[in-house]
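Here the structure is laid out as structure tokens; the discussion comes afterwards.
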Amino acid sequence: MKIVADSKIPFLKGILETVAHEVLYVPGTEITSDVVREAQVLLTRTRTRCDRSLLEGSKVKFIGTATIGTDHIDLDYCQHHGIAVVNAPGCNAPAVAQWVHATILQWMKAHAVARPITLGIVGVGHVGSIVARWAQQLGYRIMLNDPPLAEDGTAPLPLHMPHCSLRDLQRECDIITFHTPLTSDGKHPTWHLCNESFVQGLERCKLIVNAARGAVCDNAALLHWQGDVALDCWEHEPAINQDLLDKAFVATPHIAGYSRQGKMRGTAMVIDALNTHYGWHLPVPQVDRPLLGASTVTPQLIIDSYNPLHDTCSLKASPHQFEALRNNYPLRNEV
């Protein structure tokens, strides 16, 4: 058994060596077809595109990504070639919710905005549901938009709240935050969901937040919009738009989910999947924060836990260091 693993997946080294004759730790951008050719297991993050060009002719039969998303993996190719794919859904959701609420509180402080505000949440899965629950505790009025979840009908929206259209959010929300996966087809594609037409239709909104995927928000549309933006995810990253970086109130290098607990959960979920798939008994890291985030939050708890303006200063000072800032980020603790 040979395993190739992204060298930036934390809490992993020393665990796999008991079941593999070779474990190769490689930076994600250096995982090539030659590197994976003889490997049966590939463990990745989002920077490795897992498709035909990488996998053709290899022995890979299991891909585990220690991330919530799978848009960097060609799932159709893997299915047709008998490659099992697992991800880590919700692993960093409390950390992203922490980033979102810390950002909103810093923006409200900087602009002397008093509560209550109306917060629109687009996408109420793992992250959006925590954002909504904490927003209710913080005294915000909340509007939820998630057409696939609303149409599914098997589970209520978070807090048993009604579903609102995007037009409703455009009319009534002071802040809108996006928490959808990135999709380009199907009934409800999210690529450029926040586009020129969307921002032109905003009536009250003064802040757009994106901690989902970069292309959920058309960055050119955000640049030309008159309101504020807070971005952790960018189109074309790490080659981000300098003008949009200058404009952004909060600008971070795709680290919203980079908590110690979130990283530990991601690794634990992949190891647990390996144990299930291969019948192994590898030790699974234990996490000291709940998967669904803190049960109760206050503005002070959030502000004390994280200040996104510090990371914003770092990125604005050295935008060419986007990848280095991300790869060497000092993992923070969740609320």
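Lettering and numbering for the structure tokens are positional, with chains as A, B, ... in the shown order, residues counted from 1 in each chain, and ligands counted from 1 in the shown order.
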
Quiz item: If you count only C-alpha atoms, which residues fall within 8 Å of stretch 168-182 of chain A, apart from same-chain ones fewer than 2 positions away, as a PyMOL selection string?
Solution: chain A and resi 69+71+100+117-125+127-128+143+164-166+184+189-191+198+201-213+215-216

Self-check item: Secondary structure check, alpha helix (DSSP H) residues of stretch 24-191 of chain A, as a PyMOL selection string
Solution: chain A and resi 33-36+52-55+75-80+93-110+126-137+147-152+166-172

Show me a table, sorted first by chain and then by increasing residue number, of the residues of stretch 132-248 of chain A having an atom at most 9 Å from stretch 313-333 of chain A, each with its shortest atom pair and the distance in Å to one decimal, counting only C-alpha atoms and written as a Markdown table.
| residue | atom | partner | partner_atom | distance |
| --- | --- | --- | --- | --- |
| A:Glu237 | CA | A:Phe322 | CA | 8.1 |
| A:Pro238 | CA | A:Phe322 | CA | 5.7 |
| A:Ala239 | CA | A:His320 | CA | 7.8 |
| A:Ile240 | CA | A:Pro319 | CA | 7.9 |
| A:Gln242 | CA | A:Pro319 | CA | 7.9 |
| A:Leu245 | CA | A:Lys316 | CA | 6.8 |
| A:Asp246 | CA | A:Lys316 | CA | 7.2 |

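Closest approach to A:Cys217 among A:His126, A:His254, A:His277, A:His192: A:His192, based on only C-alpha atoms.
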
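Atom CA of A:Ala93 sits 22.3 Å away from atom CA of A:Gly28.
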
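Residues surrounding A:Ala88 within 9 Å are Gly64, Thr65, Ala66, Thr67, Ile68, Gly69, Asn92, Arg265, Gly266, Thr267, Ala268, Met269 and Val270 of chain A [only C-alpha atoms; sequence separation below 4 positions excluded].
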
Give me, as a compact mmCIF listing (two decimals) with all heavy atoms, in the first residue's frame, the residues of stretch 169-243 of chain A that a backbone DSSP run labels strand (DSSP E).
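Printed below is part07.txt as written:
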# COMPACT_ATOMS: atom_id res chain seq x y z
N ILE A 175 -27.30 43.12 5.25
CA ILE A 175 -26.09 42.34 4.97
C ILE A 175 -26.53 41.03 4.34
O ILE A 175 -27.52 40.42 4.78
CB ILE A 175 -25.28 42.07 6.25
CG1 ILE A 175 -24.86 43.38 6.91
CG2 ILE A 175 -24.06 41.20 5.95
CD1 ILE A 175 -24.21 43.18 8.29
N ILE A 176 -25.81 40.56 3.33
CA ILE A 176 -26.08 39.25 2.72
C ILE A 176 -24.80 38.45 2.72
O ILE A 176 -23.74 38.94 2.30
CB ILE A 176 -26.63 39.40 1.29
CG1 ILE A 176 -27.97 40.16 1.31
CG2 ILE A 176 -26.81 38.03 0.64
CD1 ILE A 176 -28.53 40.43 -0.07
N THR A 177 -24.88 37.21 3.20
CA THR A 177 -23.72 36.33 3.25
C THR A 177 -24.01 35.04 2.50
O THR A 177 -25.10 34.48 2.60
CB THR A 177 -23.31 36.05 4.72
OG1 THR A 177 -22.15 35.22 4.74
CG2 THR A 177 -24.42 35.40 5.51
N PHE A 178 -23.02 34.57 1.73
CA PHE A 178 -23.19 33.41 0.85
C PHE A 178 -22.50 32.18 1.42
O PHE A 178 -21.33 32.22 1.81
CB PHE A 178 -22.64 33.72 -0.55
CG PHE A 178 -23.48 34.70 -1.31
CD1 PHE A 178 -23.29 36.07 -1.16
CD2 PHE A 178 -24.48 34.27 -2.16
CE1 PHE A 178 -24.08 36.98 -1.85
CE2 PHE A 178 -25.28 35.17 -2.85
CZ PHE A 178 -25.08 36.54 -2.69
N LEU A 207 -23.42 45.50 2.82
CA LEU A 207 -22.27 44.60 2.96
C LEU A 207 -22.61 43.25 2.36
O LEU A 207 -23.62 42.63 2.71
CB LEU A 207 -21.88 44.43 4.42
CG LEU A 207 -20.77 43.42 4.72
CD1 LEU A 207 -19.43 43.88 4.14
CD2 LEU A 207 -20.63 43.17 6.23
N ILE A 208 -21.75 42.75 1.45
CA ILE A 208 -21.84 41.40 0.90
C ILE A 208 -20.65 40.61 1.41
O ILE A 208 -19.51 41.06 1.37
CB ILE A 208 -21.84 41.42 -0.64
CG1 ILE A 208 -23.15 42.02 -1.16
CG2 ILE A 208 -21.63 40.02 -1.20
CD1 ILE A 208 -23.19 42.18 -2.67
N VAL A 209 -20.95 39.41 1.90
CA VAL A 209 -19.94 38.55 2.50
C VAL A 209 -19.86 37.25 1.70
O VAL A 209 -20.89 36.64 1.41
CB VAL A 209 -20.29 38.23 3.98
CG1 VAL A 209 -19.23 37.32 4.60
CG2 VAL A 209 -20.46 39.51 4.78
N ASN A 210 -18.65 36.82 1.34
CA ASN A 210 -18.49 35.54 0.65
C ASN A 210 -17.39 34.72 1.32
O ASN A 210 -16.21 35.05 1.23
CB ASN A 210 -18.15 35.73 -0.83
CG ASN A 210 -18.09 34.39 -1.57
OD1 ASN A 210 -18.56 33.36 -1.07
ND2 ASN A 210 -17.53 34.40 -2.76
N ASP A 228 -19.95 47.76 0.58
CA ASP A 228 -18.76 47.10 1.12
C ASP A 228 -18.79 45.61 0.82
O ASP A 228 -19.87 45.00 0.68
CB ASP A 228 -18.66 47.31 2.63
CG ASP A 228 -18.24 48.72 3.00
OD1 ASP A 228 -17.49 49.33 2.21
OD2 ASP A 228 -18.65 49.21 4.07
N VAL A 229 -17.61 45.00 0.77
CA VAL A 229 -17.51 43.56 0.59
C VAL A 229 -16.54 43.00 1.62
O VAL A 229 -15.60 43.68 2.06
CB VAL A 229 -17.03 43.19 -0.84
CG1 VAL A 229 -18.04 43.64 -1.88
CG2 VAL A 229 -15.65 43.75 -1.13
N ALA A 230 -16.79 41.76 2.00
CA ALA A 230 -15.90 41.01 2.88
C ALA A 230 -15.69 39.66 2.22
O ALA A 230 -16.64 38.90 2.05
CB ALA A 230 -16.50 40.86 4.27
N LEU A 231 -14.45 39.37 1.84
CA LEU A 231 -14.17 38.19 1.04
C LEU A 231 -13.08 37.33 1.68
O LEU A 231 -12.01 37.82 2.04
CB LEU A 231 -13.71 38.60 -0.36
CG LEU A 231 -14.70 39.43 -1.20
CD1 LEU A 231 -14.06 39.84 -2.50
CD2 LEU A 231 -15.97 38.64 -1.44

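Closest to A:Ala256 among A:Ala20, A:Ala97, A:Ala132, A:Val41 is A:Ala97, based on only C-alpha atoms.
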
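Closest to A:Gln40 among A:Leu223, A:Ala155, A:Leu24, A:Ala251 is A:Leu24, based on only C-alpha atoms.
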